Structure formats: structure tokens, C-alpha cells
Amino acid sequence: MKKTVAFLTFLFGALFMLQAQLLPPSEFLPHDLGEHFIQHHLVVDYFEHVAENSDHIIVEEYGRTNQKRPLILAYVSSKENLQNLEQIRKNNLIRTGLIDGKIEEKEPIAIVWLGHGVHGNEAGATNSSIATIYELANTKNREIQEWLKNTVVIVDPALNPDGYSRYTHWNTNVTHYHPNPHIESREHNEPWPGGRVNHYMFDLNRDWAWATQVETQQRLEQYKKWMPHINVDVHEQGHNSPYYFAPAAQPYHEYITQWQADFQTEIGLNHTKYFDAEGWLYFTREIFDLFYPSYGDTYPTFNGAIGMTYEQAGHSRAGRAILIENGDTLKLMDRILHHKTATLSTVEVSSKNADRLVENFEKYFKDSNSGNIGKYKSYIIKGSNGRNKIKELTKLLDLHQIRYGNPSTQGGSMTAFDFQTGKNNTISLNKEDLIVNLNQPMSVLAQVLFEPKSKLVDSLTYDITAWSLPYAYGLEAYASTQAISNKDTYEMADYKAIRTNKTPYAYIAEWNAMDNIRFLSELLQKGIVVRSATEDFEQNGTTHKAGSLIILKIDNLKKHGDNFDAIVQSTAKNFEQKLALAQTGFVSKGHDFGSSFVQILKAPKVLALSGEGISYYTFGQVWHYFEQVLNYPLGVVDAEQVGNVDLEDYNVLILPEGWYPKLDTAAAEKIQSWVRDGGKVIAIGSAVGKLAGKEGFSIKRKSGNSASSPVAYVGCYAAQERKSISNQIPGAVYETTFDNTHPLGFGIGDKYFSLKTSGSAYAYLDKGWNVGFIENDPMYAGFVGSNVQQRLEKSLTFGVQNMGGGQVVYMVDNPLFRGFWKQGLFLMGNAIFQVN
């Protein structure tokens, strides 16, 4: 009996040990690694399996996507380091100056962050994370275990789970039992919108600095807790391209240090010994630059890391296998192997240079804390911008851990660069002003985000070339070459909610910030009737600007009765709206409340077009704007179906950017007839071009060269790319003169700084209102080709045409671009709510 018990004990123990073993991916998954794309839930399951069966790995969930998929991180290191993980993290933050304390360590620990698959349809990246995590956890690999003694590796297997799942589910449904490598096969032709983007169709690799998306916001919270020394952004590119790794292409932003530039090369050279040994093709120093601050390589770089992009051939076109131009077949397993090799090589070189990495990381932040980075030493955001706008800015600064505060002293005078005029002006400081003093750990990042013009050493660049926050947020702001002392905290005047026992004749709300639009949006959804003053007026000694909201008791008593005041006051409190109480409809200047110049705002019933032929980026920006910024209902229909839609159910139709191949003549005529009957079309970006020159629409392209005119080259063939830049504008900020007496311009001011990403130029409207336009010799920041500069002078940017009983709003520049141009979001609100 005892022998039987002993045998059973041994058997159960053996079975337990067998079950507890770390399984390689092909034994854990329902298929071999590289045979099929791994569904996201299985990626998560495998990482959890590795953590459960290894004392070298900890896995944690750090958030959820819009579609509620988990976002996870794996921390990989030696057992001893994992037991001391919190102290290692604190030691690193002490080096930055972000927290105070004493460093306690036996030796410097390198911190490496590996982020995979920010573009969901670059699926080989996420699949490679499975191979990488197994190799890091496999204790049989003594060399890797040696690296982990002085290195912490943080692995994010899927930066964009929603996009990844959109792609992999589609591919699984259409792929052949044996993959068809011919490019015409449907498994290589992903349908709209594709998996590159997240749920709201945002490119998460352009969102690091702006943090408009939940994935970015949650990731940054974790990133800032660690501040790694090395950051790798694992991507895929066109299926015929060789592998790309650092060093990056020019232009480098001028604040990238020599150490950061040089160590990229050291890492790249370490990769070459592995790639050369296998005969794998690769390239460096081309295409992928380090200028725009919102990439997965540049943002970490401006946070002191060595930030790098790795690009493997593949992308959505590759599927599981595809023929490439040399006659070979690129397989999913090839993509996985190349990425695994590059990421493990990164861990190797980081471990072998841990002392140098930590030393130079610490020096980076000592230099940052000195406040000697860049021309300007302080930025001043005037308190007169208002509570709502300043709150929008401080929310972003807090996320990036950029320090700010009230000025230590007020008054006096100083000369500072005025963002609005582009010239130096004399200013004084007020106690409500917000000061960003660059003597702080996040000095470089703050300088990059605020600087009015970033120095561009090479105009051949991959993305937009201007982004300064004061322009994006529509702020009165100044840049000073003096280090202005500021308090440790920022305090603005407390919000005081309106309290009154007596129902006023009307409530008056201002109109100049996004919270005003959110307030109006909520009131309309609650059935409150709201009017808008179409001109300035004065009452009780206070001037109220055009666009101010007027909420009359008489308009709402029948429907809301005694609840009227509670609805208005509670909604105002929710959005911290400052309400003025009017006891009369009479005004001392302007138009009385019963005048036709005080118009009822119609509650928008909005329909947006989507689908094939429409930019999924712009559609996604519209979608996100309504659902996440405004919290306002939005109808969506594919453009090819608009002919079957009863447009009488809507009064606003949004045409996102696109080429609209499936919007036929009958549908276009139906839309135009609907506008004449009182509808409103808002055309964005290239959608404006689809209306240009069409009968009934007053928008016309400017005469002369168009943005797409062919260019004939004379001279050196090798210089053709550089010669073409005279016709390019990758993204620049343009001074736009604004008519703020028109409803589209309410609350904007007489200038709007527009983010212009296209050289398309349109003539001033001869029938309609030229609300926003570019004059001769405008101020601009960023790169603009010489031909584009000429073409854009005296051109329309934003206009409105009356058509019968309705309107067409032309938005040549996309005000919702990437969701971060806050003044553009406000402008879009005018187009939706104020233009009647």
C-alpha cells in the first residue's frame, strides 16, 4: 500500500512538473509558430503562460482598448532583479530628477523597452514578440540569461490590439489552407479600413506626443514610470523592402544628442553581424528620420532614450506568404525570425554597454535640468486665455510630466517672442499666467513641443514639420530667453457655480473654448433651446462676444417647467461654464434678445460618409470627435449607400477627405437638392476638391500649377527626389486671416494658425464668405516648397456658401487632423453648431 501511495505521489508530481514546464510557442499554440497569425487572445495567453512557468518574467495588464482588449507588459530580467524591480525603477527615475531619493544598487541596470505592432496590420511584429519572449525566458540559453543579470527588458507584444485583431480575423477568414503567394489573391488585399489603425482609425504611431487615444494615454503612464534607456518600435514595411534598422535617416531634430546619434550606430553594427552571417539584406540611414516628435522612436528620444524603429518586409500585403521581386517567397516565419534576431541583438548590446547607457542617460537629464537646452528658457501662457483652454493644455503637460506653475513674481516688463505676431513684444506677468521654465527634467521635450519653429536640417522628411502647442491650442503665448522663476504648482481662479433661487430672464455663456461646445452639445441633447448672438452685445457693463450662448426662460418653460434652472445650472457645473445672469432682454449695446440677430441654434442631426474611397484617417477623426470629444450622436453610412438614405432625417452631412469613386452623379444631385432645402454639407480637405468646379458649387481651384502637376527634371537624375520638394508641403503651420464676425469664425479671433498638409490651393469664393484665407507673405512655420508658397498666397482656407436654404462649408485644411489641433476642434464645432 505504501509503495502504491509513493508511486502515485511520484506520478502526480511528475505530471505536475510536466504541466508546469515552459512550452515553446509551437507546443502551446494550436498551430506552429509562423504557420498562421496568432489571434490576440492567444498572444496574451502565451505571455501569461510564460510568466506562470518562469521566475524570470512578470506580466501585468496596464489597460484596455476601446474594444476592451487587454494591453499588457512583460518585465523580463534575472530572478534577483525582478525581486528588486521597484527599487530599480525608482533608481532610474532618481537619475532623471523626476523623483527625489538616494540610488541604491550594486551595479547599473540597463532598461530596454520593446514595443510591437503599433500598426495592427504589420502583424509579423506582434507574432515575433512570442518568439522573443520565449527566448528571453528560456533558461537553457545561458548567454541570454547572462544579459539579463544587468538588464530589465520590458515587452509590449501588441500596442494596437484592436487594429491587429481587425487584420488577423479578416486574414484568417480569407486565407487558403495552403497560403497563396500571388499578390492578386484576396488574402493580400485587405479591405477598408484595414488594420493599421485603432478602433477610431487613428495612427497610434503619430499619437505619442498628442495622446488623443486611450492606448497612448495608458501606455504613456507606464512609460513614464520607467523612462527606459533603449526603446525599440517594431514595425513592418512593404513586402519587397529589405530589413531596416538604425541609424536613422536625416533630418535629426537638433536636440538629439551626439551620444544618442552615435549609440544608434553601435546597435546597428551589432545587428549586422547576425544579418550578415545569414545573408539577410538590410539598409540603414534612409527614409525613417528623427524629427517629428510623436513617433514611437522620437518621443522616447526626447525622453532621454535611444529611440529606434525596426522595419521588416511584410505589412498587410504579405499575408502568410508572398512572392517578392527577387523570385523568392517571403514567409511569416521569416518575418518573425528577423525581428527576433534584431530585438535580441538590442538586448545584447544594451547589456554589454549597461554602464555607458546609464551614465549617458544620467548626463542627459543633468543637462536638461540645467535649463540650457535651446534658445528659449521659459514659455508664458497668459491667464487671459481662460480656464477651459488652460485646463486642456495642463492635462497634456501632466501626462508628459512637464512642470509648470504660476510666476513667482508679477508685474515688471520683459521682451518676449509673441506667437501670434511672430515678433518680439513687451509683456508683463500676471499671477494667473502659466510659466513653463525649462530648468527641469522634461526640458528637451517641452522645448520640442513649444518651440515656435523647429530647425530642419534636411527638408526631405517623413511627416509634418511644425506642431507648436500654442498654435495648436489657439493660445496667447510668449517665448522668453530669460529663465522666469515659477512656483511649484499652478493655481487658477476657482470655478464658482451659479446659484440663484430666482429664474433669470436668460443665462449667457461665453463661446471660445471646447468646453463651451461640450456644454452646448449636452444642453441640446437634453432638449434645451439655445440661441446664439450673431454680433457683440453689452449688458450690465459687460461685453459679450459674437457666438455667446443665450438660454432664455421663455424658450424652455413649456417643455421643462420648474426643471429648467436645474438642467442649465447642473450642466454648466459639469463643464465649469461661467454663466452670466440676465434679468432683462434689453441690451445697452447691440441687439436685444428678441432680435433676429439672436438666432435659435438648430440641434444638428449629423450624418458622416465612410467606406471605400474615403480616408479612414479623416473619417476616424470625425467619428472620434463626435463620440469622445463631444459625446454627441453621429450617423454613419458608406458613401456608396447615400443614394438609398433618407437625408430628410439629417440636417448636417460631413464629407471626410477622400476621392469618392462610388459617389455617383445621382447621389451628388440628391445631396445638392437636400442642401437647397435647408441641409448643410461640411466638406473636409480633398473632399473640397471633389466639389470644385462642379455646377452649383462656388469653390474653384486657383489657376496655375496644381498640387499634382507633373514636374519635368533637367540635370542630375539622382537629385530628382530633392528637386521635387519645391512642390511639397509635408505639414506646416500657416497664418490664416479670419473673419470672426461670421459664425464659422466665432470665438476664433482675427487669426487662426492652420495646420496645412496639402498644397492644394483654391481661389477666394466669388459667391459666399471667405472666412479664413491666406494673404500675401503670411507667417508660417515648417517646410513649404517654393512653388507651394507661391500657390498658397491669396488662397481660401475656410469658406461658406449659401445654397438655397442651406449651406456648404468648405474646410480646405482638415481641422481635426490627428485630433490634436485643439483650435481646429473648436473651429469644427462652429461649422456644426453655429453655421445655420
# chains A, B, ... in the order shown; residues from 1 in each chain; ligands from 1
>>> closest_atom_pairs(of="range 291-355 of chain A", to="range 268-280 of chain A", cutoff="9 Å", atoms="only C-alpha atoms", output="JSON lines")
{"residue": "A:His338", "atom": "CA", "partner": "A:Phe275", "partner_atom": "CA", "distance": 8.2}
{"residue": "A:Thr341", "atom": "CA", "partner": "A:Tyr274", "partner_atom": "CA", "distance": 7.4}
{"residue": "A:Ala342", "atom": "CA", "partner": "A:His271", "partner_atom": "CA", "distance": 6.0}
{"residue": "A:Thr343", "atom": "CA", "partner": "A:His271", "partner_atom": "CA", "distance": 9.0}
{"residue": "A:Ser345", "atom": "CA", "partner": "A:His271", "partner_atom": "CA", "distance": 5.9}
{"residue": "A:Thr346", "atom": "CA", "partner": "A:His271", "partner_atom": "CA", "distance": 7.7}
{"residue": "A:Glu348", "atom": "CA", "partner": "A:Asn270", "partner_atom": "CA", "distance": 8.6}
{"residue": "A:Val349", "atom": "CA", "partner": "A:Asn270", "partner_atom": "CA", "distance": 6.9}
>>> write_last_selection(atoms="all heavy atoms", output="compact mmCIF listing (two decimals), in the first residue's frame")
# COMPACT_ATOMS: atom_id res chain seq x y z
N HIS A 338 13.54 37.46 -38.33
CA HIS A 338 14.32 38.69 -38.48
C HIS A 338 14.10 39.63 -37.30
O HIS A 338 15.04 40.22 -36.77
CB HIS A 338 13.95 39.39 -39.79
CG HIS A 338 14.25 38.58 -41.01
ND1 HIS A 338 13.73 38.88 -42.25
CD2 HIS A 338 15.02 37.47 -41.19
CE1 HIS A 338 14.17 38.00 -43.13
NE2 HIS A 338 14.94 37.13 -42.50
N THR A 341 15.70 38.31 -34.12
CA THR A 341 17.15 38.49 -34.16
C THR A 341 17.53 39.93 -33.80
O THR A 341 18.45 40.16 -33.00
CB THR A 341 17.69 38.14 -35.55
OG1 THR A 341 17.35 36.77 -35.85
CG2 THR A 341 19.19 38.31 -35.62
N ALA A 342 16.81 40.91 -34.38
CA ALA A 342 17.15 42.32 -34.13
C ALA A 342 16.84 42.72 -32.69
O ALA A 342 17.63 43.45 -32.06
CB ALA A 342 16.39 43.22 -35.10
N THR A 343 15.73 42.26 -32.14
CA THR A 343 15.39 42.66 -30.78
C THR A 343 16.32 42.00 -29.76
O THR A 343 16.75 42.65 -28.79
CB THR A 343 13.92 42.32 -30.45
OG1 THR A 343 13.64 40.95 -30.76
CG2 THR A 343 12.97 43.20 -31.24
N SER A 345 19.38 41.10 -30.36
CA SER A 345 20.66 41.80 -30.54
C SER A 345 20.66 43.11 -29.77
O SER A 345 21.69 43.52 -29.21
CB SER A 345 20.90 42.05 -32.03
OG SER A 345 21.98 42.93 -32.23
N THR A 346 19.52 43.77 -29.73
CA THR A 346 19.39 45.02 -28.97
C THR A 346 19.60 44.78 -27.49
O THR A 346 20.29 45.55 -26.80
CB THR A 346 18.00 45.65 -29.21
OG1 THR A 346 17.78 45.80 -30.61
CG2 THR A 346 17.89 46.99 -28.52
N GLU A 348 21.31 42.37 -26.22
CA GLU A 348 22.72 42.03 -26.05
C GLU A 348 23.59 43.28 -25.93
O GLU A 348 24.38 43.42 -24.98
CB GLU A 348 23.19 41.19 -27.23
CG GLU A 348 24.69 40.87 -27.18
CD GLU A 348 25.21 40.24 -28.46
OE1 GLU A 348 24.54 40.36 -29.50
OE2 GLU A 348 26.30 39.64 -28.41
N VAL A 349 23.47 44.18 -26.90
CA VAL A 349 24.34 45.35 -26.90
C VAL A 349 24.01 46.27 -25.73
O VAL A 349 24.89 46.94 -25.19
CB VAL A 349 24.24 46.10 -28.26
CG1 VAL A 349 22.93 46.83 -28.43
CG2 VAL A 349 25.41 47.05 -28.45
>>> residues_around(residues="Gly749 in chain A", least_positions_apart="3", cutoff="8 Å", atoms="only C-alpha atoms", output="list in words")
Phe738, Asp739, Asn740, Gly745, Phe746 and Tyr752 of chain A
>>> residues_around(residues="Phe361 in chain A", least_positions_apart="2", cutoff="8 Å", atoms="only C-alpha atoms", output="list in words")
Arg95, Thr96, His229, Gly304, Ala305, Leu357, Val358, Glu359, Lys363, Tyr364 and Phe365 of chain A
>>> residues_around(residues="Ser596 in chain A", least_positions_apart="5", cutoff="10 Å", atoms="only C-alpha atoms", output="ChimeraX atom specification")
/A:533-534,591
>>> select_by_dssp(residues="range 430-603 of chain A", states="strand (DSSP E)", output="PyMOL selection string")
chain A and resi 434-437+477-480+506-509+531-533+537-539+542-544+549-552+579-582+598-600
>>> write_last_selection(atoms="N, CA, C and O atoms", output="compact mmCIF listing (two decimals), in the first residue's frame")
# COMPACT_ATOMS: atom_id res chain seq x y z
N LEU A 434 0.65 81.08 -16.74
CA LEU A 434 1.28 79.77 -16.55
C LEU A 434 2.68 79.83 -17.13
O LEU A 434 2.86 80.22 -18.29
N ILE A 435 3.65 79.45 -16.33
CA ILE A 435 5.06 79.50 -16.74
C ILE A 435 5.61 78.08 -16.87
O ILE A 435 5.47 77.26 -15.97
N VAL A 436 6.22 77.80 -18.03
CA VAL A 436 6.98 76.57 -18.21
C VAL A 436 8.45 76.98 -18.25
O VAL A 436 8.94 77.49 -19.26
N ASN A 437 9.13 76.80 -17.12
CA ASN A 437 10.56 77.09 -17.02
C ASN A 437 11.31 75.84 -17.45
O ASN A 437 11.06 74.75 -16.96
N ALA A 477 0.49 83.26 -26.18
CA ALA A 477 1.66 82.69 -25.53
C ALA A 477 2.91 83.42 -25.98
O ALA A 477 2.95 84.02 -27.06
N TYR A 478 3.94 83.33 -25.16
CA TYR A 478 5.20 84.02 -25.43
C TYR A 478 6.37 83.11 -25.07
O TYR A 478 6.27 82.27 -24.17
N ALA A 479 7.45 83.29 -25.79
CA ALA A 479 8.69 82.56 -25.53
C ALA A 479 9.74 83.55 -25.08
O ALA A 479 9.96 84.57 -25.75
N SER A 480 10.38 83.26 -23.97
CA SER A 480 11.36 84.19 -23.40
C SER A 480 12.74 83.56 -23.35
O SER A 480 12.88 82.36 -23.05
N ALA A 506 -32.62 85.17 -18.67
CA ALA A 506 -31.78 84.34 -19.55
C ALA A 506 -30.45 84.06 -18.87
O ALA A 506 -29.99 84.82 -18.01
N TYR A 507 -29.84 82.96 -19.27
CA TYR A 507 -28.45 82.67 -18.93
C TYR A 507 -27.59 82.99 -20.16
O TYR A 507 -27.99 82.71 -21.29
N ILE A 508 -26.40 83.53 -19.92
CA ILE A 508 -25.48 83.85 -21.01
C ILE A 508 -24.18 83.08 -20.77
O ILE A 508 -23.61 83.13 -19.68
N ALA A 509 -23.72 82.36 -21.78
CA ALA A 509 -22.45 81.61 -21.69
C ALA A 509 -21.51 82.07 -22.80
O ALA A 509 -21.95 82.37 -23.91
N ARG A 531 -30.01 79.91 -27.98
CA ARG A 531 -29.81 80.90 -29.04
C ARG A 531 -28.36 81.36 -29.05
O ARG A 531 -27.63 81.18 -28.07
N SER A 532 -27.97 81.98 -30.17
CA SER A 532 -26.61 82.50 -30.32
C SER A 532 -26.67 83.94 -30.77
O SER A 532 -27.45 84.29 -31.68
N ALA A 533 -25.86 84.78 -30.15
CA ALA A 533 -25.76 86.18 -30.56
C ALA A 533 -24.86 86.27 -31.78
O ALA A 533 -23.70 85.86 -31.72
N PHE A 537 -22.59 92.15 -27.97
CA PHE A 537 -23.56 93.00 -27.28
C PHE A 537 -23.06 93.29 -25.87
O PHE A 537 -22.15 92.62 -25.36
N GLU A 538 -23.65 94.31 -25.27
CA GLU A 538 -23.24 94.72 -23.93
C GLU A 538 -24.46 94.76 -23.02
O GLU A 538 -25.52 95.25 -23.40
N GLN A 539 -24.29 94.21 -21.83
CA GLN A 539 -25.35 94.24 -20.83
C GLN A 539 -24.72 94.33 -19.45
O GLN A 539 -23.76 93.61 -19.15
N THR A 542 -20.94 94.61 -19.18
CA THR A 542 -20.11 93.51 -19.67
C THR A 542 -20.35 93.31 -21.16
O THR A 542 -21.50 93.23 -21.60
N THR A 543 -19.26 93.20 -21.92
CA THR A 543 -19.37 92.92 -23.35
C THR A 543 -19.34 91.42 -23.59
O THR A 543 -18.46 90.71 -23.07
N HIS A 544 -20.31 90.94 -24.31
CA HIS A 544 -20.38 89.53 -24.68
C HIS A 544 -20.12 89.42 -26.18
O HIS A 544 -20.75 90.10 -26.98
N LEU A 549 -23.72 82.18 -26.08
CA LEU A 549 -24.96 81.42 -25.99
C LEU A 549 -25.94 82.13 -25.08
O LEU A 549 -25.57 82.58 -23.99
N ILE A 550 -27.18 82.20 -25.50
CA ILE A 550 -28.23 82.83 -24.71
C ILE A 550 -29.34 81.80 -24.51
O ILE A 550 -29.92 81.30 -25.48
N ILE A 551 -29.59 81.47 -23.26
CA ILE A 551 -30.56 80.42 -22.92
C ILE A 551 -31.73 81.09 -22.21
O ILE A 551 -31.63 81.46 -21.04
N LEU A 552 -32.82 81.27 -22.94
CA LEU A 552 -33.96 82.04 -22.45
C LEU A 552 -34.96 81.18 -21.70
O LEU A 552 -35.29 80.06 -22.13
N LEU A 579 -21.51 81.34 -16.14
CA LEU A 579 -22.76 81.86 -16.67
C LEU A 579 -23.01 83.27 -16.13
O LEU A 579 -22.78 83.54 -14.95
N ALA A 580 -23.47 84.13 -17.02
CA ALA A 580 -23.96 85.45 -16.61
C ALA A 580 -25.48 85.38 -16.54
O ALA A 580 -26.12 84.71 -17.35
N LEU A 581 -26.05 86.07 -15.55
CA LEU A 581 -27.49 86.08 -15.37
C LEU A 581 -28.06 87.37 -15.94
O LEU A 581 -27.63 88.46 -15.55
N ALA A 582 -28.98 87.24 -16.85
CA ALA A 582 -29.64 88.41 -17.44
C ALA A 582 -31.05 88.51 -16.87
O ALA A 582 -31.82 87.54 -16.95
N VAL A 598 -30.34 87.40 -32.87
CA VAL A 598 -30.14 86.39 -31.84
C VAL A 598 -30.91 85.16 -32.29
O VAL A 598 -32.13 85.08 -32.17
N GLN A 599 -30.18 84.19 -32.84
CA GLN A 599 -30.81 83.10 -33.58
C GLN A 599 -30.85 81.81 -32.76
O GLN A 599 -29.91 81.49 -32.03
N ILE A 600 -31.96 81.08 -32.92
CA ILE A 600 -32.05 79.75 -32.31
C ILE A 600 -31.11 78.80 -33.06
O ILE A 600 -31.08 78.77 -34.29
>>> select_by_dssp(residues="range 386-541 of chain A", states="alpha helix (DSSP H)", output="PyMOL selection string")
chain A and resi 387-399+443-450+469-472+514-525
>>> closest_residue(among="A:Gly620, A:Gly115, A:Gly63, A:Gly590", to="Asn198 in chain A", atoms="only C-alpha atoms")
A:Gly620
>>> residues_around(residues="Pro743 in chain A", least_positions_apart="2", cutoff="12 Å", atoms="only C-alpha atoms", output="ChimeraX atom specification")
/A:511,532-536,545-548,597-599,601,738-741,745-749,769-772,798-800,809,827-836
>>> closest_residue(among="A:Leu290, A:Ala51, A:Ala763, A:Ile306", to="Thr461 in chain A", atoms="only C-alpha atoms")
A:Leu290
>>> closest_residue(among="A:Val214, A:Ala74, A:Leu82, A:Pro108", to="Val155 in chain A", atoms="only C-alpha atoms")
A:Ala74
>>> atom_distance(atom1="CA of Lys331 in chain A", atom2="CA of His176 in chain A")
14.2 Å
>>> residues_around(residues="Gly806 in chain A", least_positions_apart="6", cutoff="7 Å", atoms="only C-alpha atoms", output="list in words")
Val675, Arg676, Asp677, Gly678, Gly679 and Lys680 of chain A
>>> residues_around(residues="Ala123 in chain A", least_positions_apart="2", cutoff="12 Å", atoms="only C-alpha atoms", output="number ranges by chain")
A: 34, 36-40, 43, 116-121, 125-130, 157-169, 171, 194-196, 234-237, 311-320, 332-333, 335-336, 339
>>> atom_distance(atom1="CA of Leu438 in chain A", atom2="CA of Leu469 in chain A")
15.2 Å
>>> atom_distance(atom1="CA of Phe697 in chain A", atom2="CA of Asn802 in chain A")
9.6 Å
>>> closest_residue(among="A:Gln440, A:Pro251, A:Gln260, A:Glu325", to="Ile99 in chain A", atoms="only C-alpha atoms")
A:Gln440
>>> closest_residue(among="A:Ala608, A:Met803, A:Ile322, A:Leu93", to="Asn180 in chain A", atoms="only C-alpha atoms")
A:Ile322
